[in-house]
Amino acid sequence: MPELPEVETVRRRLQPLLEGRTLAEVEILDGRLTRPHDPDEVAAELRGERVDEVARRGKYLIVRFASGRALLVHLRMTGAFLHAPAGSLPGDPHRRAVVRMDDRSDVAYRDVRRFGTWLLLEPEEVEPYLAVRLGPEPLEDDFTPEFLRERLRGRRAPLKAAVLDQRTVAGLGNIYADEALWRARLHPRREAGTLRRPQLELLHGTIREALELGIARQGSTLRDYRTPDGAPGTMQHEFAVYGRLGEPCDRCGTPIERIVVGGRGTWFCPRCQRGR
Ligand SMILES: [Zn+2]
């Protein structure tokens, strides 16, 4: 599932293709994408909108229009974009939408598992919608160790589950949570409210490091996720723990273990990450 680094990679590829351009034609081929709204009505509303900015908040891709409206795209499991000169897209049974831009290029959205969503919001709806769902951006200044402390204080939930809450760290998902906890030498099942200040500061830093490395490697390529030009990211070759069951820990050589925390597969080093 695309997390912050993967969505940021998509954003950076789409930005020069979309910004300043107008959506000339919009075809939404799958009603699930815009549920509960009618796909043809959403397509009609999008037609003629001019793209001001391609932004991101957490795992949401935000296409902001000159009208003040915004299209919030959540890729969920397998959503992806492809870009090609008009009429030259290859056939694709998983295509869910096609947008023809005013420069005669096509931007197609494909989604094998069909969990992705497109939500068109009116200008006054955009910030409130995001504000109730997302905490601060982890790479921005308002994400601080103090904020993390406030969010985790008194919580008995496992640490991994607590940091996956998008109101704690926007954009952090299963992969980069495991990587950040390994870097901080913290057990994923540790009670979230028991971290002391040095550990909170350490975790704050390792969340950023894990995400920044992911962005630098243009995300990871797992299953059906690809960057918009079809190129694979390379982050999956640098995971310290995620998906590495039985392989030696990079730090101590102990075989990586897999457990389930909060319903999510979780990889960790049983030697480096003690003290649950
Ligand atoms: Zn280790």
# chains A, B, ... in the order shown; residues from 1 in each chain; ligands from 1
>>> residues_around(residues="Asp111 in chain A", least_positions_apart="4", cutoff="7 Å", atoms="only C-alpha atoms", output="list in words")
Thr78, Gly79, Ala80, His94, Arg95, Arg96 and Gly116 of chain A
>>> select_by_dssp(residues="range 13-87 of chain A", states="strand (DSSP E)", output="compact mmCIF listing (two decimals) with N, CA and C atoms, in the first residue's frame")
# COMPACT_ATOMS: atom_id res chain seq x y z
N LEU A 23 -8.49 20.36 -17.43
CA LEU A 23 -9.05 19.04 -17.71
C LEU A 23 -10.07 19.19 -18.85
N ALA A 24 -9.70 18.73 -20.03
CA ALA A 24 -10.55 18.93 -21.21
C ALA A 24 -11.68 17.91 -21.26
N GLU A 25 -11.36 16.66 -20.98
CA GLU A 25 -12.38 15.61 -20.95
C GLU A 25 -12.10 14.70 -19.78
N VAL A 26 -13.14 14.23 -19.14
CA VAL A 26 -12.97 13.34 -17.99
C VAL A 26 -13.94 12.17 -18.15
N GLU A 27 -13.40 10.97 -18.04
CA GLU A 27 -14.23 9.78 -18.13
C GLU A 27 -13.95 8.91 -16.90
N ILE A 28 -14.97 8.66 -16.11
CA ILE A 28 -14.81 7.80 -14.94
C ILE A 28 -15.52 6.48 -15.23
N VAL A 51 -5.85 23.15 -13.20
CA VAL A 51 -5.05 22.69 -12.07
C VAL A 51 -4.10 23.79 -11.61
N ASP A 52 -4.25 24.18 -10.35
CA ASP A 52 -3.37 25.17 -9.74
C ASP A 52 -2.14 24.50 -9.14
N GLU A 53 -2.37 23.38 -8.48
CA GLU A 53 -1.30 22.77 -7.68
C GLU A 53 -1.60 21.28 -7.49
N VAL A 54 -0.54 20.48 -7.56
CA VAL A 54 -0.66 19.08 -7.16
C VAL A 54 0.05 18.96 -5.82
N ALA A 55 -0.74 18.76 -4.76
CA ALA A 55 -0.20 18.75 -3.41
C ALA A 55 -0.39 17.37 -2.78
N ARG A 56 0.04 17.26 -1.55
CA ARG A 56 -0.13 16.00 -0.81
C ARG A 56 -0.33 16.30 0.66
N ARG A 57 -1.21 15.56 1.32
CA ARG A 57 -1.32 15.59 2.79
C ARG A 57 -1.44 14.16 3.23
N TYR A 60 -2.97 11.34 1.06
CA TYR A 60 -3.86 11.91 0.05
C TYR A 60 -3.07 12.72 -0.96
N LEU A 61 -3.37 12.48 -2.22
CA LEU A 61 -2.90 13.34 -3.31
C LEU A 61 -4.00 14.38 -3.49
N ILE A 62 -3.62 15.65 -3.54
CA ILE A 62 -4.62 16.72 -3.62
C ILE A 62 -4.40 17.53 -4.89
N VAL A 63 -5.34 17.44 -5.81
CA VAL A 63 -5.27 18.25 -7.03
C VAL A 63 -6.13 19.49 -6.76
N ARG A 64 -5.44 20.62 -6.54
CA ARG A 64 -6.15 21.87 -6.25
C ARG A 64 -6.41 22.61 -7.54
N PHE A 65 -7.65 23.07 -7.69
CA PHE A 65 -8.03 23.76 -8.92
C PHE A 65 -8.09 25.27 -8.69
N ALA A 70 -11.02 21.02 -4.83
CA ALA A 70 -9.89 20.10 -4.84
C ALA A 70 -10.37 18.68 -5.04
N LEU A 71 -9.61 17.92 -5.79
CA LEU A 71 -9.86 16.49 -5.95
C LEU A 71 -8.90 15.75 -5.03
N LEU A 72 -9.47 15.03 -4.06
CA LEU A 72 -8.65 14.24 -3.14
C LEU A 72 -8.59 12.81 -3.65
N VAL A 73 -7.39 12.37 -3.98
CA VAL A 73 -7.20 11.01 -4.48
C VAL A 73 -6.50 10.20 -3.41
N HIS A 74 -7.11 9.07 -3.04
CA HIS A 74 -6.44 8.14 -2.13
C HIS A 74 -6.19 6.85 -2.90
N GLY A 79 -3.86 1.83 -6.35
CA GLY A 79 -4.12 2.93 -7.29
C GLY A 79 -2.83 3.44 -7.91
N ALA A 80 -2.87 3.82 -9.17
CA ALA A 80 -1.67 4.31 -9.87
C ALA A 80 -2.07 5.16 -11.07
N PHE A 81 -1.18 6.06 -11.46
CA PHE A 81 -1.42 6.91 -12.63
C PHE A 81 -0.47 6.55 -13.77
N LEU A 82 -0.97 6.73 -14.97
CA LEU A 82 -0.14 6.58 -16.17
C LEU A 82 -0.36 7.82 -17.02
N HIS A 83 0.67 8.25 -17.74
CA HIS A 83 0.59 9.44 -18.56
C HIS A 83 1.09 9.11 -19.96
N ALA A 84 0.38 9.57 -20.98
CA ALA A 84 0.77 9.26 -22.36
C ALA A 84 0.17 10.30 -23.30
N PRO A 85 0.76 10.47 -24.51
CA PRO A 85 0.13 11.35 -25.50
C PRO A 85 -1.30 10.87 -25.77
>>> residues_near_ligand(ligand="ligand 1", cutoff="10 Å", atoms="only C-alpha atoms and all ligand atoms", output="list in words")
Trp182, Arg183, Arg185, Ala240, Val241, Pro248, Cys249, Asp250, Arg251, Cys252, Gly253, Thr254, Pro255, Ile256, Phe268, Cys269, Pro270, Arg271, Cys272, Gln273 and Arg274 of chain A
>>> write_last_selection(atoms="N, CA, C and O atoms", output="PDB file, in the first residue's frame")
ATOM      1  N   TRP A 182      12.307  -0.038  14.278  1.00  0.00           N
ATOM      2  CA  TRP A 182      13.584  -0.760  14.296  1.00  0.00           C
ATOM      3  C   TRP A 182      14.734   0.226  14.500  1.00  0.00           C
ATOM      4  O   TRP A 182      15.648   0.004  15.306  1.00  0.00           O
ATOM      5  N   ARG A 183      14.696   1.343  13.785  1.00  0.00           N
ATOM      6  CA  ARG A 183      15.756   2.351  13.926  1.00  0.00           C
ATOM      7  C   ARG A 183      15.825   2.889  15.348  1.00  0.00           C
ATOM      8  O   ARG A 183      16.912   3.187  15.850  1.00  0.00           O
ATOM      9  N   ARG A 185      14.936   1.221  17.993  1.00  0.00           N
ATOM     10  CA  ARG A 185      15.094   0.071  18.899  1.00  0.00           C
ATOM     11  C   ARG A 185      13.929  -0.046  19.869  1.00  0.00           C
ATOM     12  O   ARG A 185      14.107  -0.330  21.063  1.00  0.00           O
ATOM     13  N   ALA A 240      15.025  -2.540   6.420  1.00  0.00           N
ATOM     14  CA  ALA A 240      15.789  -3.176   7.481  1.00  0.00           C
ATOM     15  C   ALA A 240      15.026  -4.371   8.055  1.00  0.00           C
ATOM     16  O   ALA A 240      15.628  -5.386   8.414  1.00  0.00           O
ATOM     17  N   VAL A 241      13.717  -4.239   8.172  1.00  0.00           N
ATOM     18  CA  VAL A 241      12.929  -5.324   8.760  1.00  0.00           C
ATOM     19  C   VAL A 241      11.714  -5.723   7.925  1.00  0.00           C
ATOM     20  O   VAL A 241      11.379  -6.899   7.844  1.00  0.00           O
ATOM     21  N   PRO A 248      18.887 -11.954   8.580  1.00  0.00           N
ATOM     22  CA  PRO A 248      19.616 -11.392   9.718  1.00  0.00           C
ATOM     23  C   PRO A 248      19.414  -9.888   9.858  1.00  0.00           C
ATOM     24  O   PRO A 248      19.402  -9.160   8.868  1.00  0.00           O
ATOM     25  N   CYS A 249      19.243  -9.446  11.103  1.00  0.00           N
ATOM     26  CA  CYS A 249      19.175  -8.013  11.407  1.00  0.00           C
ATOM     27  C   CYS A 249      20.465  -7.338  10.953  1.00  0.00           C
ATOM     28  O   CYS A 249      21.562  -7.842  11.209  1.00  0.00           O
ATOM     29  N   ASP A 250      20.353  -6.187  10.295  1.00  0.00           N
ATOM     30  CA  ASP A 250      21.532  -5.463   9.810  1.00  0.00           C
ATOM     31  C   ASP A 250      22.436  -5.009  10.953  1.00  0.00           C
ATOM     32  O   ASP A 250      23.619  -4.738  10.749  1.00  0.00           O
ATOM     33  N   ARG A 251      21.887  -4.911  12.153  1.00  0.00           N
ATOM     34  CA  ARG A 251      22.641  -4.377  13.286  1.00  0.00           C
ATOM     35  C   ARG A 251      23.273  -5.483  14.110  1.00  0.00           C
ATOM     36  O   ARG A 251      24.405  -5.349  14.567  1.00  0.00           O
ATOM     37  N   CYS A 252      22.541  -6.597  14.333  1.00  0.00           N
ATOM     38  CA  CYS A 252      23.049  -7.599  15.276  1.00  0.00           C
ATOM     39  C   CYS A 252      23.043  -9.020  14.730  1.00  0.00           C
ATOM     40  O   CYS A 252      23.513  -9.939  15.402  1.00  0.00           O
ATOM     41  N   GLY A 253      22.490  -9.224  13.538  1.00  0.00           N
ATOM     42  CA  GLY A 253      22.523 -10.547  12.917  1.00  0.00           C
ATOM     43  C   GLY A 253      21.425 -11.499  13.353  1.00  0.00           C
ATOM     44  O   GLY A 253      21.283 -12.591  12.799  1.00  0.00           O
ATOM     45  N   THR A 254      20.643 -11.114  14.355  1.00  0.00           N
ATOM     46  CA  THR A 254      19.545 -11.965  14.825  1.00  0.00           C
ATOM     47  C   THR A 254      18.472 -12.064  13.731  1.00  0.00           C
ATOM     48  O   THR A 254      18.147 -11.054  13.107  1.00  0.00           O
ATOM     49  N   PRO A 255      17.905 -13.270  13.529  1.00  0.00           N
ATOM     50  CA  PRO A 255      16.857 -13.380  12.497  1.00  0.00           C
ATOM     51  C   PRO A 255      15.647 -12.489  12.811  1.00  0.00           C
ATOM     52  O   PRO A 255      15.177 -12.451  13.952  1.00  0.00           O
ATOM     53  N   ILE A 256      15.170 -11.792  11.809  1.00  0.00           N
ATOM     54  CA  ILE A 256      13.989 -10.932  11.938  1.00  0.00           C
ATOM     55  C   ILE A 256      12.757 -11.805  12.166  1.00  0.00           C
ATOM     56  O   ILE A 256      12.610 -12.852  11.543  1.00  0.00           O
ATOM     57  N   PHE A 268      10.221  -7.219  13.110  1.00  0.00           N
ATOM     58  CA  PHE A 268      11.086  -6.545  14.076  1.00  0.00           C
ATOM     59  C   PHE A 268      12.244  -7.460  14.452  1.00  0.00           C
ATOM     60  O   PHE A 268      12.218  -8.656  14.169  1.00  0.00           O
ATOM     61  N   CYS A 269      13.257  -6.876  15.078  1.00  0.00           N
ATOM     62  CA  CYS A 269      14.393  -7.658  15.569  1.00  0.00           C
ATOM     63  C   CYS A 269      14.167  -7.955  17.052  1.00  0.00           C
ATOM     64  O   CYS A 269      14.116  -7.025  17.863  1.00  0.00           O
ATOM     65  N   PRO A 270      14.048  -9.227  17.419  1.00  0.00           N
ATOM     66  CA  PRO A 270      13.740  -9.563  18.807  1.00  0.00           C
ATOM     67  C   PRO A 270      14.889  -9.229  19.770  1.00  0.00           C
ATOM     68  O   PRO A 270      14.682  -9.137  20.969  1.00  0.00           O
ATOM     69  N   ARG A 271      16.073  -8.989  19.229  1.00  0.00           N
ATOM     70  CA  ARG A 271      17.197  -8.633  20.109  1.00  0.00           C
ATOM     71  C   ARG A 271      17.332  -7.114  20.267  1.00  0.00           C
ATOM     72  O   ARG A 271      17.471  -6.606  21.375  1.00  0.00           O
ATOM     73  N   CYS A 272      17.309  -6.390  19.133  1.00  0.00           N
ATOM     74  CA  CYS A 272      17.470  -4.934  19.191  1.00  0.00           C
ATOM     75  C   CYS A 272      16.241  -4.231  19.774  1.00  0.00           C
ATOM     76  O   CYS A 272      16.348  -3.149  20.340  1.00  0.00           O
ATOM     77  N   GLN A 273      15.075  -4.822  19.558  1.00  0.00           N
ATOM     78  CA  GLN A 273      13.839  -4.145  19.945  1.00  0.00           C
ATOM     79  C   GLN A 273      13.191  -4.886  21.117  1.00  0.00           C
ATOM     80  O   GLN A 273      12.145  -5.503  20.991  1.00  0.00           O
ATOM     81  N   ARG A 274      13.832  -4.802  22.253  1.00  0.00           N
ATOM     82  CA  ARG A 274      13.301  -5.457  23.447  1.00  0.00           C
ATOM     83  C   ARG A 274      12.476  -4.485  24.270  1.00  0.00           C
ATOM     84  O   ARG A 274      12.274  -3.345  23.890  1.00  0.00           O
TER      85      ARG A 274
END
>>> residues_around(residues="Gly154 in chain A", least_positions_apart="5", cutoff="12 Å", atoms="only C-alpha atoms", output="compact mmCIF listing (two decimals) with all heavy atoms, in the first residue's frame")
# COMPACT_ATOMS: atom_id res chain seq x y z
N LEU A 148 4.29 14.48 19.53
CA LEU A 148 4.25 13.02 19.63
C LEU A 148 3.96 12.61 21.07
O LEU A 148 3.16 11.71 21.34
CB LEU A 148 5.60 12.46 19.16
CG LEU A 148 5.68 10.99 18.76
CD1 LEU A 148 4.64 10.61 17.72
CD2 LEU A 148 7.08 10.67 18.25
N ARG A 149 4.57 13.30 22.01
CA ARG A 149 4.37 12.99 23.42
C ARG A 149 2.91 13.20 23.82
O ARG A 149 2.31 12.38 24.50
CB ARG A 149 5.27 13.87 24.29
CG ARG A 149 5.25 13.48 25.76
CD ARG A 149 6.39 14.15 26.49
NE ARG A 149 6.22 15.60 26.52
CZ ARG A 149 5.97 16.30 27.61
NH1 ARG A 149 5.89 15.69 28.78
NH2 ARG A 149 5.84 17.59 27.57
N LEU A 159 2.55 0.49 20.66
CA LEU A 159 3.20 1.64 20.02
C LEU A 159 2.98 1.64 18.50
O LEU A 159 2.67 2.68 17.91
CB LEU A 159 4.69 1.60 20.35
CG LEU A 159 5.55 2.71 19.79
CD1 LEU A 159 5.04 4.08 20.23
CD2 LEU A 159 7.01 2.51 20.24
N ALA A 162 -0.40 2.85 17.65
CA ALA A 162 -0.56 4.28 17.95
C ALA A 162 0.08 5.17 16.89
O ALA A 162 -0.48 6.20 16.52
CB ALA A 162 0.04 4.59 19.33
N GLU A 191 3.69 -0.54 25.23
CA GLU A 191 2.58 0.38 25.49
C GLU A 191 2.99 1.78 25.06
O GLU A 191 4.02 2.30 25.52
CB GLU A 191 2.24 0.40 26.98
CG GLU A 191 1.06 -0.45 27.34
CD GLU A 191 0.67 -0.29 28.80
OE1 GLU A 191 0.60 0.85 29.28
OE2 GLU A 191 0.44 -1.33 29.45
N ALA A 192 2.16 2.40 24.22
CA ALA A 192 2.55 3.69 23.62
C ALA A 192 2.83 4.76 24.66
O ALA A 192 3.72 5.59 24.48
CB ALA A 192 1.46 4.15 22.66
N GLY A 193 2.08 4.74 25.76
CA GLY A 193 2.20 5.80 26.75
C GLY A 193 3.42 5.69 27.66
O GLY A 193 3.62 6.56 28.52
N THR A 194 4.23 4.64 27.49
CA THR A 194 5.35 4.43 28.41
C THR A 194 6.68 4.97 27.90
O THR A 194 7.70 4.83 28.56
CB THR A 194 5.55 2.92 28.72
OG1 THR A 194 5.92 2.25 27.51
CG2 THR A 194 4.27 2.31 29.28
N LEU A 195 6.68 5.60 26.73
CA LEU A 195 7.96 6.11 26.20
C LEU A 195 8.44 7.31 27.02
O LEU A 195 7.66 8.20 27.34
CB LEU A 195 7.80 6.53 24.73
CG LEU A 195 8.22 5.50 23.69
CD1 LEU A 195 7.44 4.21 23.85
CD2 LEU A 195 8.05 6.05 22.29
N ARG A 196 9.72 7.30 27.31
CA ARG A 196 10.31 8.44 28.01
C ARG A 196 10.78 9.46 26.98
O ARG A 196 10.86 9.17 25.80
CB ARG A 196 11.47 7.97 28.88
CG ARG A 196 11.00 7.03 29.97
CD ARG A 196 12.16 6.46 30.76
NE ARG A 196 11.67 5.44 31.69
CZ ARG A 196 11.07 5.73 32.85
NH1 ARG A 196 10.92 6.98 33.22
NH2 ARG A 196 10.64 4.76 33.64
>>> residues_around(residues="range 167-170 of chain A", least_positions_apart="6", cutoff="12 Å", atoms="only C-alpha atoms", output="VMD selection string")
chain A and resid 3 to 5 7 56 to 60 130 to 140 142 to 153 159 to 161 176 to 177 180 192 203 to 204 207 to 208 211
>>> write_last_selection(atoms="N, CA and C atoms", output="compact mmCIF listing (two decimals), in the first residue's frame")
# COMPACT_ATOMS: atom_id res chain seq x y z
N GLU A 3 2.47 4.56 0.88
CA GLU A 3 2.51 5.40 2.07
C GLU A 3 3.08 6.77 1.67
N LEU A 4 3.42 7.58 2.65
CA LEU A 4 3.86 8.94 2.34
C LEU A 4 4.94 8.99 1.24
N PRO A 5 6.02 8.20 1.31
CA PRO A 5 7.06 8.32 0.28
C PRO A 5 6.56 7.94 -1.12
N VAL A 7 3.37 8.15 -2.20
CA VAL A 7 2.43 9.17 -2.68
C VAL A 7 3.18 10.45 -3.05
N ARG A 56 0.04 17.26 -1.55
CA ARG A 56 -0.13 16.00 -0.81
C ARG A 56 -0.33 16.30 0.66
N ARG A 57 -1.21 15.56 1.32
CA ARG A 57 -1.32 15.59 2.79
C ARG A 57 -1.44 14.16 3.23
N GLY A 58 -0.51 13.70 4.08
CA GLY A 58 -0.53 12.29 4.47
C GLY A 58 -0.48 11.44 3.21
N LYS A 59 -1.40 10.49 3.11
CA LYS A 59 -1.44 9.62 1.92
C LYS A 59 -2.40 10.14 0.86
N TYR A 60 -2.97 11.34 1.06
CA TYR A 60 -3.86 11.91 0.05
C TYR A 60 -3.07 12.72 -0.96
N LEU A 130 -9.62 17.47 5.81
CA LEU A 130 -8.28 16.97 6.13
C LEU A 130 -7.97 17.11 7.62
N ALA A 131 -8.44 18.21 8.21
CA ALA A 131 -8.07 18.52 9.60
C ALA A 131 -8.57 17.46 10.58
N VAL A 132 -9.74 16.87 10.34
CA VAL A 132 -10.24 15.88 11.30
C VAL A 132 -9.62 14.51 11.08
N ARG A 133 -8.97 14.32 9.95
CA ARG A 133 -8.41 12.99 9.65
C ARG A 133 -6.92 12.88 9.85
N LEU A 134 -6.22 14.01 9.76
CA LEU A 134 -4.76 13.95 9.70
C LEU A 134 -4.09 14.83 10.75
N GLY A 135 -3.05 14.29 11.37
CA GLY A 135 -2.17 15.08 12.21
C GLY A 135 -1.20 15.85 11.32
N PRO A 136 -0.14 16.41 11.93
CA PRO A 136 0.82 17.19 11.13
C PRO A 136 1.60 16.32 10.15
N GLU A 137 2.10 16.99 9.13
CA GLU A 137 3.01 16.32 8.19
C GLU A 137 4.31 16.00 8.93
N PRO A 138 4.74 14.75 8.91
CA PRO A 138 5.92 14.38 9.71
C PRO A 138 7.22 15.05 9.28
N LEU A 139 7.29 15.57 8.06
CA LEU A 139 8.53 16.22 7.62
C LEU A 139 8.44 17.74 7.74
N GLU A 140 7.31 18.24 8.28
CA GLU A 140 7.16 19.68 8.46
C GLU A 140 7.45 20.05 9.92
N ASP A 142 5.72 21.48 12.24
CA ASP A 142 4.73 21.32 13.32
C ASP A 142 4.69 19.89 13.87
N PHE A 143 5.41 18.97 13.25
CA PHE A 143 5.57 17.64 13.85
C PHE A 143 6.79 17.69 14.76
N THR A 144 6.56 17.66 16.06
CA THR A 144 7.65 17.81 17.03
C THR A 144 7.60 16.66 18.03
N PRO A 145 8.70 16.44 18.76
CA PRO A 145 8.66 15.42 19.82
C PRO A 145 7.57 15.72 20.84
N GLU A 146 7.31 16.99 21.10
CA GLU A 146 6.26 17.36 22.07
C GLU A 146 4.89 16.94 21.56
N PHE A 147 4.67 17.14 20.26
CA PHE A 147 3.39 16.71 19.69
C PHE A 147 3.23 15.20 19.83
N LEU A 148 4.29 14.48 19.53
CA LEU A 148 4.25 13.02 19.63
C LEU A 148 3.96 12.61 21.07
N ARG A 149 4.57 13.30 22.01
CA ARG A 149 4.37 12.99 23.42
C ARG A 149 2.91 13.20 23.82
N GLU A 150 2.34 14.33 23.37
CA GLU A 150 0.93 14.61 23.68
C GLU A 150 0.01 13.53 23.11
N ARG A 151 0.32 13.11 21.89
CA ARG A 151 -0.54 12.12 21.22
C ARG A 151 -0.45 10.74 21.88
N LEU A 152 0.72 10.39 22.40
CA LEU A 152 0.91 9.04 22.94
C LEU A 152 0.65 8.98 24.44
N ARG A 153 0.59 10.12 25.09
CA ARG A 153 0.47 10.17 26.53
C ARG A 153 -0.75 9.39 27.04
N LEU A 159 2.55 0.49 20.66
CA LEU A 159 3.20 1.64 20.02
C LEU A 159 2.98 1.64 18.50
N LYS A 160 3.13 0.49 17.88
CA LYS A 160 2.96 0.43 16.42
C LYS A 160 1.57 0.91 16.01
N ALA A 161 0.54 0.42 16.71
CA ALA A 161 -0.83 0.83 16.37
C ALA A 161 -1.01 2.33 16.59
N TYR A 176 6.79 1.85 6.81
CA TYR A 176 7.70 2.82 7.41
C TYR A 176 7.56 2.89 8.93
N ALA A 177 6.42 2.43 9.46
CA ALA A 177 6.30 2.31 10.91
C ALA A 177 7.26 1.24 11.42
N ALA A 180 10.82 2.59 11.18
CA ALA A 180 11.11 3.62 12.18
C ALA A 180 11.30 3.01 13.57
N ALA A 192 2.16 2.40 24.22
CA ALA A 192 2.55 3.69 23.62
C ALA A 192 2.83 4.76 24.66
N LEU A 203 12.39 8.45 18.44
CA LEU A 203 11.36 7.96 17.52
C LEU A 203 10.93 9.07 16.55
N HIS A 204 10.80 10.28 17.05
CA HIS A 204 10.48 11.42 16.18
C HIS A 204 11.50 11.51 15.04
N ILE A 207 11.28 8.31 12.57
CA ILE A 207 10.14 8.39 11.65
C ILE A 207 10.53 9.24 10.45
N ARG A 208 11.16 10.38 10.72
CA ARG A 208 11.59 11.25 9.63
C ARG A 208 12.64 10.59 8.75
N LEU A 211 11.09 7.91 6.48
CA LEU A 211 10.30 8.50 5.39
C LEU A 211 11.19 9.20 4.38
>>> select_by_dssp(residues="range 100-192 of chain A", states="helix (DSSP H, G or I)", output="ChimeraX atom specification")
/A:123-131,145-152,159-164,174-183,192
>>> write_last_selection(atoms="N, CA and C atoms", output="CSV table (one decimal), in the first residue's frame")
chain,number,residue,atom,x,y,z
A,123,PRO,N,-14.5,24.4,-2.2
A,123,PRO,CA,-13.4,25.1,-1.5
A,123,PRO,C,-13.4,25.1,0.0
A,124,GLU,N,-14.6,25.3,0.6
A,124,GLU,CA,-14.7,25.5,2.0
A,124,GLU,C,-14.7,24.1,2.7
A,125,GLU,N,-14.8,23.0,1.9
A,125,GLU,CA,-14.8,21.7,2.5
A,125,GLU,C,-13.4,21.1,2.7
A,126,VAL,N,-12.4,21.6,2.0
A,126,VAL,CA,-11.1,20.9,1.8
A,126,VAL,C,-10.4,20.8,3.2
A,127,GLU,N,-10.1,22.0,3.8
A,127,GLU,CA,-9.3,22.0,5.0
A,127,GLU,C,-10.0,21.2,6.2
A,128,PRO,N,-11.3,21.5,6.4
A,128,PRO,CA,-12.0,20.7,7.5
A,128,PRO,C,-11.9,19.2,7.2
A,129,TYR,N,-12.1,18.8,6.0
A,129,TYR,CA,-12.0,17.4,5.7
A,129,TYR,C,-10.7,16.8,6.1
A,130,LEU,N,-9.6,17.5,5.8
A,130,LEU,CA,-8.3,17.0,6.1
A,130,LEU,C,-8.0,17.1,7.6
A,131,ALA,N,-8.4,18.2,8.2
A,131,ALA,CA,-8.1,18.5,9.6
A,131,ALA,C,-8.6,17.5,10.6
A,145,PRO,N,8.7,16.4,18.8
A,145,PRO,CA,8.7,15.4,19.8
A,145,PRO,C,7.6,15.7,20.8
A,146,GLU,N,7.3,17.0,21.1
A,146,GLU,CA,6.3,17.4,22.1
A,146,GLU,C,4.9,16.9,21.6
A,147,PHE,N,4.7,17.1,20.3
A,147,PHE,CA,3.4,16.7,19.7
A,147,PHE,C,3.2,15.2,19.8
A,148,LEU,N,4.3,14.5,19.5
A,148,LEU,CA,4.3,13.0,19.6
A,148,LEU,C,4.0,12.6,21.1
A,149,ARG,N,4.6,13.3,22.0
A,149,ARG,CA,4.4,13.0,23.4
A,149,ARG,C,2.9,13.2,23.8
A,150,GLU,N,2.3,14.3,23.4
A,150,GLU,CA,0.9,14.6,23.7
A,150,GLU,C,0.0,13.5,23.1
A,151,ARG,N,0.3,13.1,21.9
A,151,ARG,CA,-0.5,12.1,21.2
A,151,ARG,C,-0.4,10.7,21.9
A,152,LEU,N,0.7,10.4,22.4
A,152,LEU,CA,0.9,9.0,22.9
A,152,LEU,C,0.6,9.0,24.4
A,159,LEU,N,2.6,0.5,20.7
A,159,LEU,CA,3.2,1.6,20.0
A,159,LEU,C,3.0,1.6,18.5
A,160,LYS,N,3.1,0.5,17.9
A,160,LYS,CA,3.0,0.4,16.4
A,160,LYS,C,1.6,0.9,16.0
A,161,ALA,N,0.5,0.4,16.7
A,161,ALA,CA,-0.8,0.8,16.4
A,161,ALA,C,-1.0,2.3,16.6
A,162,ALA,N,-0.4,2.9,17.6
A,162,ALA,CA,-0.6,4.3,18.0
A,162,ALA,C,0.1,5.2,16.9
A,163,VAL,N,1.2,4.8,16.4
A,163,VAL,CA,1.9,5.6,15.4
A,163,VAL,C,1.3,5.4,14.0
A,164,LEU,N,0.5,4.4,13.8
A,164,LEU,CA,-0.2,4.2,12.5
A,164,LEU,C,-1.5,5.1,12.4
A,174,ASN,N,2.3,0.9,7.3
A,174,ASN,CA,2.8,-0.4,7.9
A,174,ASN,C,4.3,-0.5,7.7
A,175,ILE,N,4.8,-0.2,6.5
A,175,ILE,CA,6.2,-0.4,6.1
A,175,ILE,C,7.1,0.5,6.9
A,176,TYR,N,6.8,1.9,6.8
A,176,TYR,CA,7.7,2.8,7.4
A,176,TYR,C,7.6,2.9,8.9
A,177,ALA,N,6.4,2.4,9.5
A,177,ALA,CA,6.3,2.3,10.9
A,177,ALA,C,7.3,1.2,11.4
A,178,ASP,N,7.3,0.1,10.8
A,178,ASP,CA,8.2,-1.0,11.2
A,178,ASP,C,9.7,-0.5,11.1
A,179,GLU,N,10.0,0.2,10.0
A,179,GLU,CA,11.3,0.7,9.8
A,179,GLU,C,11.7,1.7,10.9
A,180,ALA,N,10.8,2.6,11.2
A,180,ALA,CA,11.1,3.6,12.2
A,180,ALA,C,11.3,3.0,13.6
A,181,LEU,N,10.5,2.0,13.9
A,181,LEU,CA,10.6,1.4,15.2
A,181,LEU,C,11.9,0.6,15.4
A,182,TRP,N,12.3,0.0,14.3
A,182,TRP,CA,13.6,-0.8,14.3
A,182,TRP,C,14.7,0.2,14.5
A,183,ARG,N,14.7,1.3,13.8
A,183,ARG,CA,15.8,2.4,13.9
A,183,ARG,C,15.8,2.9,15.3
A,192,ALA,N,2.2,2.4,24.2
A,192,ALA,CA,2.5,3.7,23.6
A,192,ALA,C,2.8,4.8,24.7
>>> residues_around(residues="Pro36 in chain A", least_positions_apart="3", cutoff="12 Å", atoms="only C-alpha atoms", output="list of chain:residue names")
A:Asp30, A:Gly31, A:Arg32, A:Leu33, A:Pro39, A:Asp40, A:Glu41, A:Val42, A:Thr117, A:Trp118, A:Leu119, A:Leu120
>>> write_last_selection(atoms="C-alpha atoms", output="PDB file, in the first residue's frame")
ATOM      1  CA  ASP A  30     -15.856   2.673 -12.345  1.00  0.00           C
ATOM      2  CA  GLY A  31     -18.584   3.927 -10.025  1.00  0.00           C
ATOM      3  CA  ARG A  32     -16.690   2.648  -6.971  1.00  0.00           C
ATOM      4  CA  LEU A  33     -14.088   5.348  -7.461  1.00  0.00           C
ATOM      5  CA  PRO A  39     -19.321   9.008 -11.527  1.00  0.00           C
ATOM      6  CA  ASP A  40     -20.772  10.824 -14.533  1.00  0.00           C
ATOM      7  CA  GLU A  41     -21.752  13.811 -12.392  1.00  0.00           C
ATOM      8  CA  VAL A  42     -18.269  13.993 -10.875  1.00  0.00           C
ATOM      9  CA  THR A 117     -11.130   6.862  -4.101  1.00  0.00           C
ATOM     10  CA  TRP A 118     -11.629  10.176  -5.890  1.00  0.00           C
ATOM     11  CA  LEU A 119     -13.449  12.799  -3.848  1.00  0.00           C
ATOM     12  CA  LEU A 120     -14.222  16.248  -5.264  1.00  0.00           C
TER      13      LEU A 120
END
